[in-house]
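Text of entry-v9.cif, listed as mmCIF, C-alpha atoms:
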```
data_start
#
loop_
_atom_site.label_atom_id
_atom_site.label_comp_id
_atom_site.auth_asym_id
_atom_site.auth_seq_id
_atom_site.Cartn_x
_atom_site.Cartn_y
_atom_site.Cartn_z
CA MET A 1 0.23 12.78 -6.83
CA GLU A 2 -0.39 15.96 -8.83
CA ILE A 3 2.64 15.25 -10.99
CA LEU A 4 0.79 12.39 -12.71
CA THR A 5 -1.89 14.75 -14.02
CA ALA A 6 0.58 17.44 -15.18
CA PRO A 7 1.07 17.80 -18.97
CA ARG A 8 4.77 16.94 -18.59
CA LEU A 9 7.13 15.89 -15.83
CA PRO A 10 9.48 18.60 -14.52
CA GLU A 11 12.92 18.71 -16.13
CA ALA A 12 15.48 16.88 -13.99
CA SER A 13 18.43 14.53 -14.45
CA LEU A 14 17.70 12.60 -11.24
CA PHE A 15 14.34 11.45 -9.90
CA LEU A 16 14.14 9.96 -6.40
CA LEU A 17 10.98 7.84 -6.34
CA ALA A 18 10.55 7.04 -2.66
CA GLY A 19 7.45 5.55 -1.07
CA PRO A 20 5.67 2.26 -0.46
CA ASP A 21 3.24 2.16 -3.40
CA ASP A 22 4.60 0.10 -6.30
CA PHE A 23 1.74 1.06 -8.61
CA LEU A 24 2.32 4.81 -8.23
CA ARG A 25 6.03 4.29 -8.75
CA GLU A 26 5.35 2.35 -11.94
CA GLN A 27 3.05 5.11 -13.19
CA VAL A 28 5.81 7.71 -12.74
CA LEU A 29 8.35 5.41 -14.42
CA ASN A 30 6.02 4.94 -17.38
CA ARG A 31 5.78 8.73 -17.74
CA LEU A 32 9.57 9.00 -17.57
CA ARG A 33 10.06 6.29 -20.20
CA HIS A 34 7.56 7.99 -22.49
CA GLU A 35 9.10 11.45 -22.13
CA VAL A 36 12.82 10.60 -22.01
CA LEU A 37 13.22 7.76 -24.49
CA ASP A 38 13.05 8.08 -28.26
CA PRO A 39 10.73 5.20 -29.32
CA GLY A 40 12.96 4.31 -32.26
CA PHE A 41 16.07 3.85 -30.11
CA ALA A 42 14.61 2.97 -26.69
CA ASP A 43 16.20 -0.49 -26.63
CA PHE A 44 19.68 1.07 -26.90
CA ASN A 45 19.14 3.80 -24.30
CA HIS A 46 17.18 2.17 -21.50
CA CYS A 47 18.92 0.34 -18.66
CA ARG A 48 17.09 -1.20 -15.70
CA ILE A 49 19.10 -2.55 -12.75
CA HIS A 50 17.35 -4.45 -9.95
CA CYS A 51 19.57 -3.68 -6.95
CA THR A 52 20.33 -6.29 -4.30
CA SER A 53 22.84 -6.70 -1.49
CA GLY A 54 25.14 -8.31 -4.07
CA THR A 55 25.05 -5.52 -6.67
CA LYS A 56 28.53 -4.17 -7.48
CA SER A 57 29.24 -0.47 -7.88
CA ALA A 58 31.00 -1.20 -11.20
CA THR A 59 27.72 -2.45 -12.70
CA ILE A 60 25.93 0.79 -11.87
CA LEU A 61 28.85 3.04 -12.84
CA ALA A 62 29.05 1.41 -16.27
CA ALA A 63 25.35 2.15 -16.82
CA LEU A 64 25.65 5.75 -15.60
CA PHE A 65 28.58 6.65 -17.86
CA GLU A 66 27.42 4.91 -21.03
CA LEU A 67 26.70 7.52 -23.72
CA PRO A 68 23.31 7.86 -25.44
CA MET A 69 23.12 6.09 -28.81
CA MET A 70 21.59 7.97 -31.76
CA THR A 71 19.61 10.28 -29.44
CA ASP A 72 20.19 12.99 -26.82
CA ARG A 73 19.37 11.17 -23.58
CA ARG A 74 19.17 7.75 -22.00
CA LEU A 75 17.32 6.46 -18.94
CA VAL A 76 18.81 4.39 -16.11
CA GLU A 77 16.43 2.89 -13.53
CA LEU A 78 17.88 1.72 -10.22
CA GLN A 79 15.11 -0.43 -8.74
CA GLU A 80 15.10 -1.31 -5.01
CA ALA A 81 18.05 1.03 -4.38
CA GLN A 82 17.53 0.71 -0.62
CA SER A 83 18.95 -2.84 -0.92
CA LEU A 84 22.40 -1.68 -2.02
CA PRO A 85 25.28 -2.31 0.41
CA ALA A 86 26.36 0.78 2.35
CA GLU A 87 29.76 0.94 0.64
CA VAL A 88 28.14 0.81 -2.82
CA SER A 89 25.64 3.52 -1.87
CA LYS A 90 28.43 5.85 -0.72
CA ALA A 91 30.49 5.15 -3.85
CA LEU A 92 27.60 6.26 -6.09
CA ILE A 93 27.12 9.77 -4.69
CA GLU A 94 29.89 11.53 -6.65
CA PRO A 95 29.17 9.70 -9.95
CA LEU A 96 25.50 10.67 -9.64
CA GLU A 97 26.51 14.30 -9.16
CA GLU A 98 28.62 14.11 -12.33
CA THR A 99 25.75 12.46 -14.21
CA CYS A 100 23.40 15.26 -13.15
CA ARG A 101 25.87 17.88 -14.40
CA THR A 102 26.15 16.39 -17.90
CA GLY A 103 22.40 15.88 -18.33
CA GLU A 104 22.88 13.10 -20.91
CA THR A 105 21.53 10.39 -18.61
CA VAL A 106 18.31 10.60 -16.61
CA VAL A 107 18.43 8.45 -13.45
CA ALA A 108 15.38 7.10 -11.64
CA LEU A 109 16.39 6.03 -8.13
CA CYS A 110 13.56 3.86 -6.76
CA TRP A 111 13.59 3.63 -2.98
CA ARG A 112 11.18 1.54 -0.91
CA PRO A 113 10.94 2.54 2.79
CA VAL A 114 12.43 -0.07 5.12
CA GLY A 115 12.27 -0.14 8.91
CA ARG A 116 11.50 2.64 11.37
CA GLY A 117 13.75 5.19 9.62
CA GLY A 118 12.37 4.45 6.16
CA GLY A 119 15.75 3.25 4.93
CA ALA A 120 17.50 6.62 5.29
CA SER A 121 21.06 6.70 3.96
CA PRO A 122 23.63 9.19 2.61
CA LEU A 123 22.72 8.13 -0.95
CA ARG A 124 19.04 8.86 -0.47
CA GLU A 125 19.76 12.21 1.19
CA ALA A 126 22.16 13.18 -1.62
CA ALA A 127 19.65 12.14 -4.29
CA ALA A 128 16.92 14.24 -2.66
CA ARG A 129 19.29 17.21 -2.67
CA MET A 130 20.56 16.75 -6.25
CA GLY A 131 17.34 15.80 -8.00
CA LEU A 132 13.57 15.80 -7.83
CA HIS A 133 12.10 13.90 -4.86
CA LEU A 134 8.71 12.32 -5.65
CA ASP A 135 6.85 10.68 -2.76
CA CYS A 136 5.11 7.59 -4.15
CA THR A 137 2.44 7.60 -1.47
CA LEU A 138 -1.21 8.41 -2.01
CA ALA A 139 -2.83 9.87 1.10
CA ASP A 140 -6.39 8.75 1.82
CA ALA A 141 -7.59 12.33 1.37
CA ASP A 142 -6.13 12.34 -2.17
CA ARG A 143 -7.70 9.07 -3.31
CA PRO A 144 -10.99 10.58 -4.62
CA ALA A 145 -9.06 13.04 -6.81
CA TRP A 146 -6.84 10.21 -8.08
CA VAL A 147 -9.91 8.15 -9.01
CA GLN A 148 -11.43 11.17 -10.75
CA ALA A 149 -8.23 11.70 -12.77
CA GLU A 150 -8.05 8.02 -13.76
CA LEU A 151 -11.70 8.03 -14.87
CA GLN A 152 -11.05 11.16 -16.91
CA ARG A 153 -8.13 9.38 -18.59
CA LEU A 154 -10.51 6.49 -19.35
CA GLN A 155 -13.01 8.99 -20.83
CA VAL A 156 -15.80 8.37 -18.33
CA LYS A 157 -17.29 10.46 -15.54
CA ALA A 158 -18.62 9.60 -12.09
CA ASP A 159 -20.61 11.45 -9.47
CA ARG A 160 -19.41 11.83 -5.88
CA ALA A 161 -21.56 8.95 -4.60
CA ALA A 162 -20.12 6.60 -7.22
CA ILE A 163 -16.53 7.50 -6.32
CA SER A 164 -17.29 6.97 -2.63
CA GLU A 165 -18.74 3.53 -3.42
CA ILE A 166 -15.69 2.62 -5.53
CA LEU A 167 -13.32 3.49 -2.69
CA GLN A 168 -15.37 1.58 -0.12
CA ARG A 169 -15.28 -1.56 -2.26
CA THR A 170 -11.65 -1.64 -3.37
CA GLY A 171 -9.48 -1.27 -0.26
CA SER A 172 -5.98 0.23 -0.22
CA ASP A 173 -4.38 -1.60 -3.18
CA LEU A 174 -4.10 0.95 -6.01
CA ARG A 175 -3.35 -1.72 -8.59
CA HIS A 176 -6.62 -3.47 -7.74
CA LEU A 177 -8.43 -0.13 -7.73
CA ALA A 178 -7.08 0.72 -11.20
CA SER A 179 -8.20 -2.65 -12.58
CA GLN A 180 -11.73 -2.04 -11.24
CA LEU A 181 -11.81 1.39 -12.89
CA ASP A 182 -10.86 -0.28 -16.18
CA LYS A 183 -13.79 -2.69 -15.71
CA LEU A 184 -16.17 0.21 -15.07
CA ALA A 185 -14.96 2.04 -18.18
CA LEU A 186 -15.47 -1.05 -20.34
CA TYR A 187 -18.93 -1.61 -18.84
CA SER A 188 -20.15 1.96 -19.32
CA GLY A 189 -18.40 2.93 -22.58
CA PRO A 190 -16.67 6.20 -23.60
CA GLY A 191 -18.37 9.40 -22.49
CA ALA A 192 -20.70 7.67 -20.02
CA ARG A 193 -21.48 8.89 -16.51
CA ILE A 194 -21.14 6.24 -13.80
CA ASN A 195 -23.47 6.19 -10.80
CA ARG A 196 -23.53 4.24 -7.54
CA GLU A 197 -25.69 1.44 -9.00
CA ASP A 198 -23.20 0.90 -11.84
CA VAL A 199 -20.44 0.50 -9.26
CA ARG A 200 -22.47 -2.02 -7.26
CA LYS A 201 -23.10 -4.09 -10.40
CA VAL A 202 -19.50 -4.16 -11.61
CA VAL A 203 -17.10 -3.72 -8.67
CA LEU A 204 -16.97 -6.62 -6.21
CA ARG A 205 -15.79 -5.93 -2.70
CA SER A 206 -12.13 -6.90 -2.37
CA THR A 207 -11.03 -9.55 0.12
CA GLU A 208 -9.20 -6.80 2.00
CA VAL A 209 -12.44 -4.84 2.41
CA LYS A 210 -14.40 -7.94 3.47
CA THR A 211 -11.83 -8.94 6.08
CA TRP A 212 -11.77 -5.35 7.35
CA GLU A 213 -15.58 -5.44 7.58
CA LEU A 214 -15.33 -8.75 9.45
CA THR A 215 -13.09 -7.28 12.16
CA ALA A 216 -15.26 -4.14 12.25
CA ALA A 217 -18.28 -6.37 12.94
CA ILE A 218 -16.35 -8.16 15.71
CA GLY A 219 -15.38 -4.77 17.15
CA LYS A 220 -19.08 -3.79 17.27
CA ARG A 221 -20.04 -7.24 18.63
CA ASP A 222 -22.34 -7.69 15.61
CA LEU A 223 -22.44 -11.49 15.51
CA ARG A 224 -24.90 -11.85 12.62
CA ARG A 225 -22.82 -9.59 10.37
CA ALA A 226 -19.54 -11.29 11.37
CA ILE A 227 -20.87 -14.78 10.58
CA SER A 228 -22.33 -13.60 7.25
CA LEU A 229 -19.01 -12.08 6.16
CA ALA A 230 -17.02 -15.15 7.24
CA GLU A 231 -19.34 -17.39 5.18
CA ILE A 232 -18.95 -15.15 2.12
CA LEU A 233 -15.16 -15.20 2.43
CA LEU A 234 -15.09 -19.00 2.74
CA GLU A 235 -17.42 -19.40 -0.26
CA GLU A 236 -15.11 -17.18 -2.32
CA GLY A 237 -12.15 -19.44 -1.60
CA GLU A 238 -10.54 -17.84 1.45
CA HIS A 239 -8.76 -20.56 3.45
CA PRO A 240 -9.93 -20.95 7.09
CA GLY A 241 -6.30 -20.74 8.22
CA GLY A 242 -5.97 -17.44 6.39
CA LEU A 243 -8.97 -16.02 8.24
CA LEU A 244 -7.56 -17.17 11.58
CA SER A 245 -4.23 -15.56 10.71
CA TYR A 246 -6.02 -12.31 9.87
CA LEU A 247 -7.98 -12.42 13.15
CA ASN A 248 -4.75 -13.04 15.04
CA SER A 249 -3.16 -9.98 13.38
CA TYR A 250 -6.21 -7.92 14.27
CA LEU A 251 -6.00 -8.98 17.93
CA ARG A 252 -2.24 -8.37 17.99
CA SER A 253 -2.81 -4.82 16.70
CA LEU A 254 -5.39 -4.20 19.44
CA ALA A 255 -3.05 -5.54 22.11
CA GLN A 256 -0.11 -3.49 20.80
CA ILE A 257 -2.06 -0.22 20.81
CA GLN A 258 -3.56 -1.01 24.23
CA ALA A 259 -0.07 -1.53 25.70
CA LEU A 260 1.34 1.61 24.06
CA ALA A 261 -1.62 3.70 25.19
CA ALA A 262 -1.02 2.54 28.77
CA ARG A 263 2.57 3.84 28.55
CA HIS A 264 2.25 6.92 26.34
CA GLY A 265 -1.38 8.03 26.69
CA SER A 266 -4.23 7.84 24.19
CA SER A 267 -3.16 10.55 21.72
CA ALA A 268 -3.47 8.98 18.25
CA ALA A 269 -0.83 11.35 16.86
CA ASN A 270 1.72 10.35 19.52
CA LEU A 271 0.98 6.64 19.17
CA ALA A 272 1.32 6.79 15.37
CA ARG A 273 4.94 7.84 15.85
CA GLU A 274 5.54 4.70 17.92
CA VAL A 275 4.07 2.28 15.36
CA PRO A 276 5.79 2.28 11.93
CA GLY A 277 3.37 1.59 9.09
CA LYS A 278 0.26 2.70 11.00
CA LYS A 279 -1.45 5.95 10.11
CA GLU A 280 -3.05 8.26 12.64
CA PHE A 281 -6.61 7.50 11.52
CA GLN A 282 -5.91 3.75 11.91
CA ILE A 283 -4.67 4.32 15.46
CA ARG A 284 -7.76 6.40 16.21
CA LYS A 285 -10.04 3.62 14.94
CA THR A 286 -8.19 1.02 17.02
CA LEU A 287 -8.53 3.18 20.14
CA GLU A 288 -12.27 3.42 19.52
CA GLU A 289 -12.54 -0.37 19.19
CA LEU A 290 -10.55 -0.89 22.39
CA ARG A 291 -13.43 0.68 24.32
CA THR A 292 -15.23 -2.66 23.90
CA TRP A 293 -12.23 -4.86 24.81
CA SER A 294 -10.74 -5.52 28.22
CA THR A 295 -7.23 -6.88 28.70
CA ARG A 296 -8.78 -10.16 29.80
CA ASP A 297 -10.94 -10.23 26.63
CA LEU A 298 -7.83 -9.94 24.46
CA GLN A 299 -5.95 -12.62 26.38
CA ARG A 300 -8.91 -14.98 26.05
CA ALA A 301 -9.35 -14.10 22.35
CA PHE A 302 -5.77 -15.18 21.57
CA GLU A 303 -6.42 -18.47 23.38
CA LEU A 304 -9.65 -19.00 21.42
CA VAL A 305 -7.94 -18.39 18.06
CA CYS A 306 -5.18 -20.90 18.96
CA ARG A 307 -7.77 -23.52 19.96
CA ALA A 308 -9.75 -22.92 16.75
CA ASP A 309 -6.58 -23.36 14.68
CA LEU A 310 -5.78 -26.65 16.44
CA ARG A 311 -9.33 -27.97 15.96
CA ILE A 312 -9.32 -27.16 12.24
CA LYS A 313 -5.91 -28.79 11.79
CA THR A 314 -7.18 -31.96 13.51
CA GLY A 315 -10.00 -32.33 11.00
CA GLN A 316 -12.99 -30.64 12.63
CA ASP A 317 -15.48 -28.69 10.48
CA PRO A 318 -13.84 -25.31 9.67
CA ARG A 319 -17.15 -23.46 9.21
CA LEU A 320 -18.50 -24.65 12.55
CA ILE A 321 -15.22 -23.87 14.35
CA LEU A 322 -15.09 -20.35 12.86
CA GLU A 323 -18.73 -19.73 13.74
CA LEU A 324 -18.18 -20.81 17.36
CA LEU A 325 -15.07 -18.60 17.52
CA LEU A 326 -17.04 -15.59 16.28
CA VAL A 327 -19.77 -16.29 18.86
CA ASP A 328 -17.16 -16.19 21.64
CA LEU A 329 -15.43 -13.06 20.29
CA CYS A 330 -18.67 -11.12 19.83
CA HIS A 331 -20.02 -12.15 23.25
CA ARG A 332 -17.01 -10.82 25.16
CA ARG A 333 -17.76 -8.92 28.36
CA GLY A 334 -15.83 -5.73 27.59
CA PRO A 335 -14.22 -3.39 30.15
CA GLN A 336 -15.96 -3.52 33.51
CA ARG A 337 -16.81 -0.23 35.20
CA PRO A 338 -15.70 0.01 38.83
CA ARG A 339 -18.60 -0.23 41.27
#
```
Rewrite the structure from the file as structure tokens, please.
Amino acid sequence: MEILTAPRLPEASLFLLAGPDDFLREQVLNRLRHEVLDPGFADFNHCRIHCTSGTKSATILAALFELPMMTDRRLVELQEAQSLPAEVSKALIEPLEETCRTGETVVALCWRPVGRGGGASPLREAAARMGLHLDCTLADADRPAWVQAELQRLQVKADRAAISEILQRTGSDLRHLASQLDKLALYSGPGARINREDVRKVVLRSTEVKTWELTAAIGKRDLRRAISLAEILLEEGEHPGGLLSYLNSYLRSLAQIQALAARHGSSAANLAREVPGKKEFQIRKTLEELRTWSTRDLQRAFELVCRADLRIKTGQDPRLILELLLVDLCHRRGPQRPR
């Protein structure tokens, strides 16, 4: 998000913060609080409402029409606005328009996407029209620039190889990524230049990355790598049931994309529109992995995971059961070519 590196936020009375990333949303809110609120009177001019299905319109209207105290502007944050009942959402449109006209109250409408339509509603559409719409989503292509900007804020530098290593080790959670950047800055000190070796010393691979590497190893039928990663995850405290659940989700994703591809063809762009929450590059990767899985392989894999779960729950050695499961998954036959 370029707006986070701008000297100041654009002038607006209404900010629609829509998108799935809580950390990015919180960064924008922190900027708003800093720029809108007078530090000496912030307690009197800052209202935060966590919206639910039980929130009444009167509660929000009272906050919108309260006058600033001993300063020019106040800030009202409507968190989780997508949870508001439909009748409350509709009742807020005109009051928000009036609030925008006066300019005395700045409103941050925080909207988390829900369902296939992303939680579209008349309130969200009106807010996008009346105010400034900020998409709190960081595309994968923008992550290196975001890391570079955060490191600059922390007064350290990093070469391209170091940034690549950071991203490989931290997964998709921006909050976790930011905490690892803080660790790197403390390790290196102000003005330092971080290299790949520094990253390897300080930044541990996240559980998300390790589990992703585990399924990637299964996809490649790399048994040695799969067993090694499973052992590392267990040693670091991952519960065997959690690993089985992750493997089941992985297999379910493969089966889902396989079934959709049979109906709609193997275009990753088309399939991404059929699967909410999946990006095109993820669909493309799944299609590549499916080249080593037959329908029978997937059916058998689900059966094997269920059996492994039952054996662990009846007291058998979890490490041995997981190892045997990985042997079976990696030794699958794959699609058979017609003779």
Practice item. Report as a list in words the full result of the PyMOL selection byres ((chain A and resi 18) around 8) when it is applied to this structure. Key: Leu16, Leu17, Gly19, Pro20, Cys110, Trp111, Arg112, Pro113, His133, Leu134, Asp135 and Cys136 of chain A
Review point. Applied to this file, what does the PyMOL selection byres ((chain A and resi 333) around 8) return in terms of residues, put as a ChimeraX atom specification?
Key: /A:293-294,297,331-332,334-336
Taking a cut-off of 10 Å and counting all atoms listed in the file, can you build a table that, for each residue of segment 22-63 of chain A near segment 68-77 of chain A, reports the nearest atom pair and how far apart they are in Å (one decimal), sorted by chain then residue number, as JSON lines?
```
{"residue": "A:Leu29", "atom": "CA", "partner": "A:Glu77", "partner_atom": "CA", "distance": 8.5}
{"residue": "A:Leu32", "atom": "CA", "partner": "A:Leu75", "partner_atom": "CA", "distance": 8.3}
{"residue": "A:Arg33", "atom": "CA", "partner": "A:Leu75", "partner_atom": "CA", "distance": 7.4}
{"residue": "A:Val36", "atom": "CA", "partner": "A:Arg73", "partner_atom": "CA", "distance": 6.8}
{"residue": "A:Leu37", "atom": "CA", "partner": "A:Arg74", "partner_atom": "CA", "distance": 6.5}
{"residue": "A:Asp38", "atom": "CA", "partner": "A:Thr71", "partner_atom": "CA", "distance": 7.0}
{"residue": "A:Gly40", "atom": "CA", "partner": "A:Thr71", "partner_atom": "CA", "distance": 9.4}
{"residue": "A:Phe41", "atom": "CA", "partner": "A:Met70", "partner_atom": "CA", "distance": 7.1}
{"residue": "A:Ala42", "atom": "CA", "partner": "A:Arg74", "partner_atom": "CA", "distance": 8.1}
{"residue": "A:Asp43", "atom": "CA", "partner": "A:Met69", "partner_atom": "CA", "distance": 9.8}
{"residue": "A:Phe44", "atom": "CA", "partner": "A:Met69", "partner_atom": "CA", "distance": 6.4}
{"residue": "A:Asn45", "atom": "CA", "partner": "A:Arg74", "partner_atom": "CA", "distance": 4.6}
{"residue": "A:His46", "atom": "CA", "partner": "A:Leu75", "partner_atom": "CA", "distance": 5.0}
{"residue": "A:Cys47", "atom": "CA", "partner": "A:Val76", "partner_atom": "CA", "distance": 4.8}
{"residue": "A:Arg48", "atom": "CA", "partner": "A:Glu77", "partner_atom": "CA", "distance": 4.7}
{"residue": "A:Ile49", "atom": "CA", "partner": "A:Glu77", "partner_atom": "CA", "distance": 6.1}
{"residue": "A:His50", "atom": "CA", "partner": "A:Glu77", "partner_atom": "CA", "distance": 8.2}
{"residue": "A:Cys51", "atom": "CA", "partner": "A:Glu77", "partner_atom": "CA", "distance": 9.8}
{"residue": "A:Ile60", "atom": "CA", "partner": "A:Val76", "partner_atom": "CA", "distance": 9.0}
{"residue": "A:Ala63", "atom": "CA", "partner": "A:Val76", "partner_atom": "CA", "distance": 6.9}
```
Exercise for review: Name the residues captured by the PyMOL selection byres ((chain A and resi 258) around 12) when it is applied to the shown file; answer as a PyMOL selection string.
Suggested key: chain A and resi 251-257+259-268+271+283-284+286-296+298
As JSON, please: the centre and edge lengths in Å, to one decimal, of an axis-aligned box enclosing every listed atom of segment 73-91 of chain A with 8 Å added on each side.
```
{"center_x": 22.8, "center_y": 4.2, "center_z": -10.6, "size_x": 31.4, "size_y": 30.0, "size_z": 41.9}
```
Practice item. Would you list the contacts of Ser188 of chain A as a ChimeraX atom specification, taking every protein, DNA or RNA residue within 12 Å and counting only C-alpha atoms, but skipping same-chain residues closer than 4 positions in sequence? Key: /A:151,154-158,181-184,192-195,197-199,201-202
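Across the model, the gap from atom CA of Glu323 of chain A to atom CA of Glu231 of chain A is 8.9 Å.
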Would you list the contacts of Ile93 of chain A as an mmCIF file with C-alpha atoms, keeping the file's coordinate frame, taking every protein, DNA or RNA residue within 8 Å and counting all atoms listed in the file, but skipping same-chain residues closer than 4 positions in sequence?
```cif
data_model
loop_
_atom_site.group_PDB
_atom_site.id
_atom_site.type_symbol
_atom_site.label_atom_id
_atom_site.label_comp_id
_atom_site.auth_asym_id
_atom_site.auth_seq_id
_atom_site.Cartn_x
_atom_site.Cartn_y
_atom_site.Cartn_z
ATOM 1 C CA SER A 89 25.640 3.520 -1.870
ATOM 2 C CA GLU A 97 26.510 14.300 -9.160
ATOM 3 C CA LEU A 123 22.720 8.130 -0.950
ATOM 4 C CA ALA A 126 22.160 13.180 -1.620
ATOM 5 C CA ALA A 127 19.650 12.140 -4.290
#
```
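When atom CA of Leu244 of chain A is paired with atom CA of Asp309 of chain A, their separation reads 7.0 Å.
From atom CA of Pro144 of chain A back to atom CA of Leu204 of chain A, the distance works out to 18.3 Å.
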Point to revise | Which of A:Arg200, A:Gln82, A:Met130, A:Thr211 sits closest to Ala161 of chain A [using all atoms listed in the file] | key: A:Arg200
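Nearest residue to Arg221 of chain A among A:Asp328, A:Glu87, A:Ser121, A:Glu165 is A:Asp328, counting all atoms listed in the file.
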